[in-house]
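J.: See my_file-v2.cif below, with mmCIF, C-alpha atoms.
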```cif
data_coords
#
loop_
_atom_site.label_atom_id
_atom_site.label_comp_id
_atom_site.auth_asym_id
_atom_site.auth_seq_id
_atom_site.Cartn_x
_atom_site.Cartn_y
_atom_site.Cartn_z
CA MET A 1 107.18 128.91 159.40
CA LYS A 2 107.83 126.61 156.50
CA SER A 3 105.20 124.14 157.69
CA THR A 4 102.68 126.93 158.13
CA ALA A 5 103.34 128.23 154.60
CA ALA A 6 103.08 124.73 153.20
CA ALA A 7 99.79 124.18 155.00
CA ALA A 8 98.40 127.45 153.66
CA LYS A 9 99.50 126.56 150.17
CA GLY A 10 97.92 123.13 150.48
CA GLY A 11 94.67 124.73 151.65
CA GLU A 12 94.65 126.99 148.59
CA MET A 13 95.21 124.00 146.33
CA LYS A 14 92.36 122.16 148.03
CA ARG A 15 90.02 125.13 147.64
CA ALA A 16 90.93 125.73 143.99
CA PRO A 17 88.82 122.90 142.49
CA GLY A 18 85.77 124.07 144.41
CA MET A 19 86.23 127.65 143.28
CA GLU A 20 86.72 126.49 139.71
CA LYS A 21 83.43 124.56 139.83
CA LYS A 22 81.63 127.62 141.19
CA GLU A 23 83.07 129.80 138.43
CA LYS A 24 82.01 127.31 135.77
CA ARG A 25 78.53 127.13 137.28
CA LEU A 26 78.29 130.92 137.33
CA ALA A 27 79.45 131.13 133.70
CA MET A 28 76.80 128.58 132.67
CA ILE A 29 74.10 130.54 134.51
CA LEU A 30 75.12 133.78 132.79
CA VAL A 31 75.32 132.19 129.34
CA ALA A 32 72.13 130.14 129.69
CA PRO A 33 69.64 132.97 128.84
CA ALA A 34 71.47 133.73 125.59
CA VAL A 35 71.64 130.05 124.66
CA ILE A 36 67.95 129.54 125.44
CA TYR A 37 67.08 132.64 123.42
CA LEU A 38 69.06 131.43 120.41
CA ILE A 39 67.44 127.99 120.59
CA LEU A 40 63.89 129.31 120.90
CA VAL A 41 64.14 132.27 118.52
CA MET A 42 66.53 130.89 115.90
CA GLY A 43 67.13 127.17 116.34
CA LEU A 44 63.57 125.84 116.57
CA PRO A 45 62.15 128.03 113.75
CA LEU A 46 65.04 127.00 111.51
CA LEU A 47 64.45 123.31 112.23
CA TRP A 48 60.74 123.79 111.57
CA ALA A 49 61.51 125.54 108.28
CA VAL A 50 63.86 122.78 107.13
CA TYR A 51 61.32 120.09 108.02
CA THR A 52 58.47 121.97 106.31
CA SER A 53 60.52 122.38 103.14
CA LEU A 54 60.80 118.59 102.95
CA THR A 55 57.02 118.10 103.00
CA ASP A 56 54.05 118.94 100.77
CA LYS A 57 52.43 121.28 103.31
CA VAL A 58 49.74 123.47 101.73
CA ILE A 59 47.52 126.04 103.42
CA GLY A 60 44.08 124.56 104.07
CA ASN A 61 45.21 120.94 103.90
CA SER A 62 45.84 119.24 107.24
CA GLU A 63 47.45 116.20 105.61
CA ILE A 64 51.23 116.54 105.39
CA ASN A 65 53.48 114.05 103.60
CA PHE A 66 57.25 113.83 103.65
CA ILE A 67 58.58 114.22 100.09
CA GLY A 68 62.29 114.79 100.65
CA LEU A 69 64.10 117.14 98.29
CA LYS A 70 61.33 117.29 95.70
CA ASN A 71 60.49 120.94 96.47
CA TYR A 72 64.12 121.99 96.03
CA ILE A 73 64.46 120.06 92.76
CA ASP A 74 61.25 121.56 91.37
CA ILE A 75 62.27 125.05 92.39
CA ILE A 76 65.73 124.81 90.84
CA LYS A 77 64.14 123.59 87.58
CA ASP A 78 61.62 126.45 87.61
CA SER A 79 62.65 129.10 85.07
CA VAL A 80 60.93 131.82 87.11
CA PHE A 81 63.01 130.96 90.17
CA GLN A 82 66.17 130.89 88.07
CA LYS A 83 65.31 134.38 86.90
CA ALA A 84 64.54 135.44 90.48
CA LEU A 85 67.87 134.08 91.75
CA LEU A 86 69.83 135.90 89.03
CA ASN A 87 67.88 139.09 89.69
CA THR A 88 68.59 138.80 93.42
CA PHE A 89 72.35 138.68 92.82
CA ILE A 90 72.21 141.57 90.34
CA PHE A 91 70.02 143.60 92.67
CA ALA A 92 72.26 142.95 95.68
CA PHE A 93 75.55 143.57 93.88
CA PHE A 94 74.71 146.93 92.32
CA ALA A 95 72.74 148.12 95.35
CA VAL A 96 75.54 147.30 97.80
CA VAL A 97 78.24 148.82 95.59
CA GLY A 98 76.14 151.97 95.18
CA LYS A 99 75.44 152.23 98.91
CA VAL A 100 79.08 151.75 99.88
CA LEU A 101 80.38 154.34 97.40
CA LEU A 102 77.73 156.95 98.17
CA GLY A 103 77.94 156.17 101.89
CA MET A 104 81.67 156.92 101.86
CA ILE A 105 81.03 160.22 100.10
CA MET A 106 78.27 161.11 102.56
CA ALA A 107 80.45 160.22 105.56
CA LEU A 108 83.37 162.30 104.28
CA THR A 109 81.00 165.21 103.67
CA MET A 110 79.39 164.99 107.12
CA ASN A 111 82.85 164.84 108.72
CA GLN A 112 83.84 168.22 107.32
CA PRO A 113 83.54 171.38 109.48
CA LEU A 114 80.73 172.90 107.40
CA LYS A 115 78.19 175.50 108.48
CA GLY A 116 74.90 173.86 109.40
CA ARG A 117 76.60 170.46 109.59
CA GLY A 118 73.96 169.23 112.02
CA MET A 119 71.13 169.97 109.57
CA ILE A 120 73.09 168.39 106.72
CA ARG A 121 73.53 165.21 108.75
CA VAL A 122 69.83 165.09 109.56
CA ALA A 123 68.92 165.56 105.89
CA MET A 124 71.33 162.82 104.77
CA ILE A 125 70.13 160.33 107.38
CA LEU A 126 66.42 161.06 106.79
CA PRO A 127 65.85 158.41 104.05
CA TRP A 128 66.88 155.66 106.48
CA THR A 129 64.43 156.85 109.16
CA ILE A 130 61.33 157.20 106.96
CA PRO A 131 59.01 154.15 107.00
CA THR A 132 59.51 151.98 103.92
CA ILE A 133 55.91 152.27 102.75
CA VAL A 134 56.12 156.08 102.82
CA SER A 135 59.33 155.97 100.79
CA VAL A 136 57.73 153.62 98.27
CA PHE A 137 54.70 155.85 97.77
CA ALA A 138 56.94 158.87 97.27
CA TRP A 139 59.10 157.08 94.70
CA GLN A 140 56.05 155.71 92.89
CA TRP A 141 54.93 159.30 92.38
CA ILE A 142 58.43 160.30 91.26
CA TYR A 143 58.55 157.41 88.75
CA SER A 144 54.94 157.73 87.59
CA ASP A 145 54.37 157.65 83.82
CA VAL A 146 51.62 160.25 84.20
CA GLY A 147 52.58 163.41 86.07
CA GLY A 148 55.71 161.89 87.58
CA ALA A 149 58.29 164.33 88.92
CA LEU A 150 61.31 162.59 87.36
CA ASN A 151 59.87 162.53 83.84
CA ARG A 152 58.79 166.14 84.19
CA ILE A 153 62.28 167.26 85.26
CA LEU A 154 63.95 165.34 82.41
CA MET A 155 61.56 166.84 79.85
CA VAL A 156 62.04 170.38 81.18
CA LEU A 157 65.81 169.93 80.92
CA HIS A 158 65.30 168.55 77.36
CA ILE A 159 67.07 165.31 78.30
CA THR A 160 64.13 163.37 76.90
CA ASP A 161 61.06 164.26 74.87
CA HIS A 162 58.79 161.42 76.01
CA GLN A 163 57.52 159.77 79.17
CA ILE A 164 59.83 157.00 80.41
CA GLY A 165 58.21 153.91 81.93
CA TRP A 166 60.52 153.59 84.90
CA LEU A 167 58.53 150.80 86.56
CA SER A 168 56.52 149.50 83.62
CA THR A 169 59.30 148.46 81.22
CA THR A 170 61.62 145.51 81.66
CA ASN A 171 64.68 147.58 80.77
CA MET A 172 64.14 150.25 83.45
CA ALA A 173 62.32 148.46 86.29
CA MET A 174 65.36 146.80 87.86
CA PHE A 175 67.42 149.99 87.63
CA SER A 176 64.59 151.92 89.28
CA VAL A 177 64.17 149.62 92.29
CA ILE A 178 67.95 149.41 92.76
CA LEU A 179 68.07 153.21 92.85
CA VAL A 180 65.41 153.31 95.57
CA ASN A 181 67.26 150.68 97.61
CA ILE A 182 70.49 152.69 97.31
CA TRP A 183 68.71 155.89 98.34
CA ARG A 184 67.21 154.22 101.38
CA GLY A 185 70.24 152.19 102.53
CA THR A 186 73.10 154.64 101.95
CA PRO A 187 72.63 156.50 105.28
CA PHE A 188 73.40 153.29 107.21
CA ILE A 189 76.80 153.01 105.53
CA ALA A 190 77.37 156.74 106.02
CA ILE A 191 76.64 156.60 109.76
CA SER A 192 78.90 153.59 110.23
CA VAL A 193 81.82 155.09 108.30
CA LEU A 194 81.35 158.48 109.97
CA ALA A 195 81.81 156.84 113.37
CA GLY A 196 85.10 155.39 112.11
CA LEU A 197 86.24 158.71 110.65
CA GLN A 198 85.75 160.50 113.96
CA ASN A 199 88.14 158.08 115.64
CA ILE A 200 91.04 158.97 113.32
CA SER A 201 93.60 161.17 115.02
CA ALA A 202 94.24 164.54 113.40
CA ASP A 203 97.96 163.98 114.02
CA LEU A 204 97.99 161.32 111.30
CA TYR A 205 96.72 163.82 108.72
CA GLU A 206 99.19 166.46 109.89
CA ALA A 207 102.08 164.00 109.63
CA ALA A 208 100.97 162.94 106.14
CA ALA A 209 100.67 166.58 105.06
CA LEU A 210 104.18 167.32 106.35
CA ASP A 211 105.45 164.39 104.29
CA GLY A 212 103.98 166.04 101.19
CA ALA A 213 100.89 163.85 100.78
CA ASN A 214 98.07 165.54 98.90
CA MET A 215 94.37 165.10 99.69
CA LEU A 216 94.01 161.97 97.56
CA LYS A 217 97.06 160.30 99.12
CA ARG A 218 95.88 161.20 102.62
CA PHE A 219 92.57 159.55 101.86
CA TRP A 220 94.23 156.45 100.36
CA TYR A 221 96.95 155.93 102.98
CA VAL A 222 95.33 157.35 106.14
CA THR A 223 91.54 157.46 105.88
CA LEU A 224 90.83 154.27 103.98
CA PRO A 225 93.04 151.94 106.06
CA SER A 226 91.55 153.38 109.25
CA VAL A 227 87.93 152.69 108.27
CA LYS A 228 88.31 149.58 106.09
CA ASP A 229 87.08 147.26 108.85
CA VAL A 230 84.00 149.42 109.38
CA ILE A 231 83.34 149.46 105.64
CA LYS A 232 83.65 145.67 105.38
CA LEU A 233 81.36 145.03 108.32
CA SER A 234 78.70 147.53 107.27
CA ALA A 235 78.87 146.27 103.66
CA PHE A 236 78.36 142.73 104.91
CA VAL A 237 75.36 143.72 107.01
CA THR A 238 73.75 145.67 104.17
CA THR A 239 74.44 142.75 101.80
CA VAL A 240 72.44 140.43 104.07
CA TRP A 241 69.64 142.99 104.25
CA THR A 242 69.64 143.53 100.49
CA LEU A 243 69.58 139.81 99.69
CA ASN A 244 66.47 139.56 101.86
CA ASP A 245 64.86 142.78 100.65
CA PHE A 246 61.15 142.43 99.94
CA GLU A 247 59.11 145.53 100.75
CA ILE A 248 60.56 147.94 98.20
CA VAL A 249 60.35 145.57 95.24
CA TRP A 250 56.97 144.11 96.14
CA CYS A 251 55.28 147.44 96.80
CA MET A 252 56.71 149.05 93.66
CA THR A 253 56.58 146.34 90.99
CA ARG A 254 55.21 143.07 92.49
CA GLY A 255 58.22 141.44 90.81
CA GLY A 256 57.17 142.59 87.34
CA PRO A 257 56.97 143.48 84.60
CA SER A 258 57.45 139.97 83.15
CA HIS A 259 59.48 138.92 86.23
CA ALA A 260 62.06 141.62 85.47
CA THR A 261 62.33 142.49 89.18
CA GLU A 262 61.39 139.09 90.59
CA LEU A 263 63.59 138.31 93.59
CA VAL A 264 63.86 135.18 95.73
CA SER A 265 61.93 137.00 98.46
CA THR A 266 59.03 137.93 96.16
CA TYR A 267 59.04 134.46 94.61
CA SER A 268 58.81 132.93 98.08
CA TYR A 269 55.97 135.28 99.04
CA ILE A 270 53.99 134.42 95.92
CA GLN A 271 54.41 130.69 96.50
CA GLY A 272 53.42 130.87 100.15
CA PHE A 273 50.70 133.52 100.37
CA LEU A 274 49.24 133.64 96.87
CA ASN A 275 49.65 130.00 95.81
CA SER A 276 49.23 128.66 99.39
CA ASP A 277 52.24 126.36 98.93
CA ILE A 278 54.02 126.89 102.26
CA ALA A 279 56.55 124.08 101.77
CA ARG A 280 57.69 125.41 98.40
CA SER A 281 57.83 128.93 99.79
CA VAL A 282 60.06 127.91 102.71
CA ALA A 283 62.30 125.84 100.43
CA ALA A 284 62.83 128.84 98.14
CA SER A 285 63.84 130.99 101.11
CA LEU A 286 66.25 128.38 102.48
CA ILE A 287 68.18 128.20 99.22
CA LEU A 288 69.83 131.52 100.10
CA VAL A 289 70.89 130.31 103.57
CA PRO A 290 74.14 128.59 102.41
CA ILE A 291 75.12 131.79 100.59
CA LEU A 292 74.57 133.83 103.75
CA VAL A 293 76.56 131.29 105.78
CA VAL A 294 79.48 131.66 103.35
CA LEU A 295 79.29 135.45 103.68
CA VAL A 296 79.37 135.18 107.47
CA HIS A 297 82.35 132.81 107.28
CA PHE A 298 84.42 135.08 105.05
CA ILE A 299 83.67 138.29 106.93
CA THR A 300 84.43 136.60 110.26
CA LYS A 301 87.64 135.09 108.93
CA SER A 302 88.69 138.42 107.47
CA SER A 303 87.97 140.29 110.71
CA LEU A 304 89.91 137.80 112.81
CA ALA A 305 92.84 137.94 110.39
CA ASP A 306 92.92 141.74 110.68
CA GLU A 307 92.94 141.53 114.48
CA ASP A 308 95.89 139.11 114.42
#
```
Since I need it in another form, could you write the structure as structure tokens?

T.:
Amino acid sequence: MKSTAAAAKGGEMKRAPGMEKKEKRLAMILVAPAVIYLILVMGLPLLWAVYTSLTDKVIGNSEINFIGLKNYIDIIKDSVFQKALLNTFIFAFFAVVGKVLLGMIMALTMNQPLKGRGMIRVAMILPWTIPTIVSVFAWQWIYSDVGGALNRILMVLHITDHQIGWLSTTNMAMFSVILVNIWRGTPFIAISVLAGLQNISADLYEAAALDGANMLKRFWYVTLPSVKDVIKLSAFVTTVWTLNDFEIVWCMTRGGPSHATELVSTYSYIQGFLNSDIARSVAASLILVPILVVLVHFITKSSLADED
């Protein structure tokens, strides 16, 4: 009996390496499509972009010369790009803060047992579903200096007695495009947070109420800790989107007036498609990549720390 058991055990040990090789081979086969996809869709284009940014490639000129970091140095010295970079950070910061705060309010509202809650949710999510160009045209009419709805409402309410140039003055243009970005992006935060709110057990609120916690304390000690990971992740995603935002600003102001709403994305577009300088355009876009990598690092590190 002992010899038989030993033989069986030895057979298992002999088969183990073969099974392990098969499992590794199967794992490689399953992972291969994702790896190939990442290489083709992300890796190769990124390598092409980095190489192009180190050349003097111009549309219409087949001759390409390697010039090293000259494009990056020229861009950093460019006062317009410096303005665009500062504007991008201002635009992203206030837009993301606005979307997170309003998104939380929207999520808390949609989570309440209100009459017609389904219609309210549809109305709140609608701005995120409308095509960007349609939203831009609607807001251009709202902001219009002549016959614009916003100016008309403010004058009827006697808040102002003159037409305000929402998109035509340097003082108001950035505020105006940030407001549109907040209006359009808030539903994403609201949907994400709402999903987290619906996973909170009602027993936690009942226990907090029995302990004498008022509504504010229940929000601070029960609701917020339960959805903080969702808020961080959705805020990170919308930050990446906002840093790369182009359509709203370009369609509404073209980066003007006087570069007041110039962003890195619009600067890159102008260099590449209006000035035909592809290399400079790509270099301008790649300057934001390290910032995005840092954001990914911190959000990943924070998420892993929370899981531990």

J.: Name the residues in contact with stretch 173-175 of chain A at a cut-off of 12 Å, using all atoms listed in the file, excluding same-chain residues fewer than 3 positions from it; report them as a PyMOL selection string.

T.: chain A and resi 84+86-92+94-95+98+140+143-144+164-170+178-182+248-249+252-263

J.: I want to know what sits within 9 Å of A:Val146, based on all atoms listed in the file, with residues of the same chain fewer than 5 positions away left out; could you give that as a PyMOL selection string?

T.: chain A and resi 141+151+163

J.: With C-alpha atoms kept, could you save the residues just selected as a PDB file, in the coordinates of the input?

T.:
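Contents of the output file part13.pdb:
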```
ATOM      1  CA  TRP A 141      54.930 159.300  92.380  1.00  0.00           C
ATOM      2  CA  ASN A 151      59.870 162.530  83.840  1.00  0.00           C
ATOM      3  CA  GLN A 163      57.520 159.770  79.170  1.00  0.00           C
TER       4      GLN A 163
END
```

J.: Enumerate, in order of chain and increasing residue number, the residues of stretch 20-124 of chain A with an atom no farther than 12 Å from stretch 206-221 of chain A, each with its shortest atom pair and distance in Å to one decimal, counting only C-alpha atoms, as a Markdown table.

T.:
```
| residue | atom | partner | partner_atom | distance |
| --- | --- | --- | --- | --- |
| A:Met104 | CA | A:Phe219 | CA | 11.2 |
| A:Ile105 | CA | A:Phe219 | CA | 11.7 |
| A:Leu108 | CA | A:Phe219 | CA | 9.9 |
```

J.: For those residues, write C-alpha atoms to a file as a short mmCIF file (atom, residue, chain, number, x, y, z; two decimals), in the coordinates of the input.

T.:
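Full text of out06.cif as output:
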```
data_model
loop_
_atom_site.label_atom_id
_atom_site.label_comp_id
_atom_site.auth_asym_id
_atom_site.auth_seq_id
_atom_site.Cartn_x
_atom_site.Cartn_y
_atom_site.Cartn_z
CA MET A 104 81.67 156.92 101.86
CA ILE A 105 81.03 160.22 100.10
CA LEU A 108 83.37 162.30 104.28
#
```

J.: Evaluate the PyMOL selection byres ((chain A and resi 265-280) around 9) here and jot the selected residues down as a ChimeraX atom specification.

T.: /A:49,51-60,71-72,74-75,80-81,84,88,243-247,249-250,254-255,261-264,281-285

J.: Atom CA of A:Ser226 and atom CA of A:Lys115 are how many Å apart?

T.: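 Between these atoms lies a distance of 25.9 Å.
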
J.: What is the distance between atom CA of A:Leu126 and atom CA of A:Met106, in Å to one decimal?

T.: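 Taking atom CA of A:Leu126 and atom CA of A:Met106, their separation equals 12.6 Å.
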
J.: Given the file shown, enumerate the residues that the PyMOL selection byres ((chain A and resi 110-114) around 12) captures and present them as a ChimeraX atom specification.

T.: /A:103-109,115-125,187,190-200,223

J.: Closest to A:Lys232 among A:Cys251, A:Thr300, A:Pro290, A:Ser201, using all atoms listed in the file?

T.: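 Among the listed residues, the smallest separation from A:Lys232 belongs to A:Thr300.
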
J.: In Å to one decimal, how far is atom CA of A:Leu233 from atom CA of A:Leu40?

T.: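 Atom CA of A:Leu233 lies 26.7 Å from atom CA of A:Leu40.
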
J.: Enclose all atoms of stretch 16-33 of chain A listed in the file in an axis-aligned box, grow every side by 3 Å, and hand back centre and edge lengths in Å to one decimal, as JSON.

T.:
```
{"center_x": 80.3, "center_y": 128.3, "center_z": 136.6, "size_x": 27.3, "size_y": 16.9, "size_z": 21.6}
```

J.: Could you expand the PyMOL selection byres ((chain A and resi 239) around 10) into the explicit residues it covers here, written as number ranges by chain?

T.: A: 92-93, 95-97, 99, 233-238, 240-245, 292, 295

J.: Return the single residue from A:Ile153, A:Leu85, A:Leu102, A:Val227 that is closest to A:Ile287, with distances computed using only C-alpha atoms.

T.: A:Leu85

J.: Do a neighbour search on stretch 127-135 of chain A at 7 Å with all atoms listed in the file, toss out local chain neighbours closer than 3 positions, and write the hits as a list in words.

T.: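 Counting all atoms listed in the file, the residues come to Ala138, Trp139, Trp183, Arg184, Gly185, Pro187 and Phe188 of chain A.
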
J.: N, CA and C atoms for stretch 193-214 of chain A, written as a CSV table (one decimal), in the coordinates of the input, could you do that?

T.:
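Wrote out_35.csv, looks like this:
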```
chain,number,residue,atom,x,y,z
A,193,VAL,N,80.5,154.6,108.7
A,193,VAL,CA,81.8,155.1,108.3
A,193,VAL,C,82.1,156.4,109.0
A,194,LEU,N,81.1,157.2,109.2
A,194,LEU,CA,81.4,158.5,110.0
A,194,LEU,C,81.9,158.2,111.4
A,195,ALA,N,81.3,157.2,112.0
A,195,ALA,CA,81.8,156.8,113.4
A,195,ALA,C,83.3,156.5,113.3
A,196,GLY,N,83.7,155.7,112.3
A,196,GLY,CA,85.1,155.4,112.1
A,196,GLY,C,86.0,156.6,111.8
A,197,LEU,N,85.5,157.5,111.0
A,197,LEU,CA,86.2,158.7,110.6
A,197,LEU,C,86.5,159.6,111.9
A,198,GLN,N,85.6,159.6,112.8
A,198,GLN,CA,85.8,160.5,114.0
A,198,GLN,C,86.7,159.9,115.0
A,199,ASN,N,87.1,158.7,114.8
A,199,ASN,CA,88.1,158.1,115.6
A,199,ASN,C,89.6,158.2,115.1
A,200,ILE,N,89.7,158.8,113.9
A,200,ILE,CA,91.0,159.0,113.3
A,200,ILE,C,91.7,160.2,113.9
A,201,SER,N,92.9,160.0,114.4
A,201,SER,CA,93.6,161.2,115.0
A,201,SER,C,94.0,162.2,114.0
A,202,ALA,N,93.8,163.5,114.3
A,202,ALA,CA,94.2,164.5,113.4
A,202,ALA,C,95.7,164.6,113.2
A,203,ASP,N,96.5,164.0,114.1
A,203,ASP,CA,98.0,164.0,114.0
A,203,ASP,C,98.4,163.2,112.8
A,204,LEU,N,97.6,162.1,112.5
A,204,LEU,CA,98.0,161.3,111.3
A,204,LEU,C,97.9,162.1,110.0
A,205,TYR,N,96.9,163.0,109.9
A,205,TYR,CA,96.7,163.8,108.7
A,205,TYR,C,97.8,164.9,108.7
A,206,GLU,N,98.1,165.4,109.8
A,206,GLU,CA,99.2,166.5,109.9
A,206,GLU,C,100.5,165.9,109.5
A,207,ALA,N,100.8,164.7,110.0
A,207,ALA,CA,102.1,164.0,109.6
A,207,ALA,C,102.1,163.7,108.1
A,208,ALA,N,101.0,163.2,107.6
A,208,ALA,CA,101.0,162.9,106.1
A,208,ALA,C,101.1,164.2,105.3
A,209,ALA,N,100.5,165.3,105.8
A,209,ALA,CA,100.7,166.6,105.1
A,209,ALA,C,102.1,167.1,105.1
A,210,LEU,N,102.8,166.9,106.2
A,210,LEU,CA,104.2,167.3,106.4
A,210,LEU,C,105.1,166.5,105.4
A,211,ASP,N,104.7,165.3,105.2
A,211,ASP,CA,105.4,164.4,104.3
A,211,ASP,C,105.2,164.7,102.8
A,212,GLY,N,104.3,165.6,102.6
A,212,GLY,CA,104.0,166.0,101.2
A,212,GLY,C,102.8,165.3,100.5
A,213,ALA,N,102.0,164.6,101.3
A,213,ALA,CA,100.9,163.8,100.8
A,213,ALA,C,99.8,164.8,100.5
A,214,ASN,N,99.2,164.7,99.2
A,214,ASN,CA,98.1,165.5,98.9
A,214,ASN,C,96.8,164.9,99.4
```
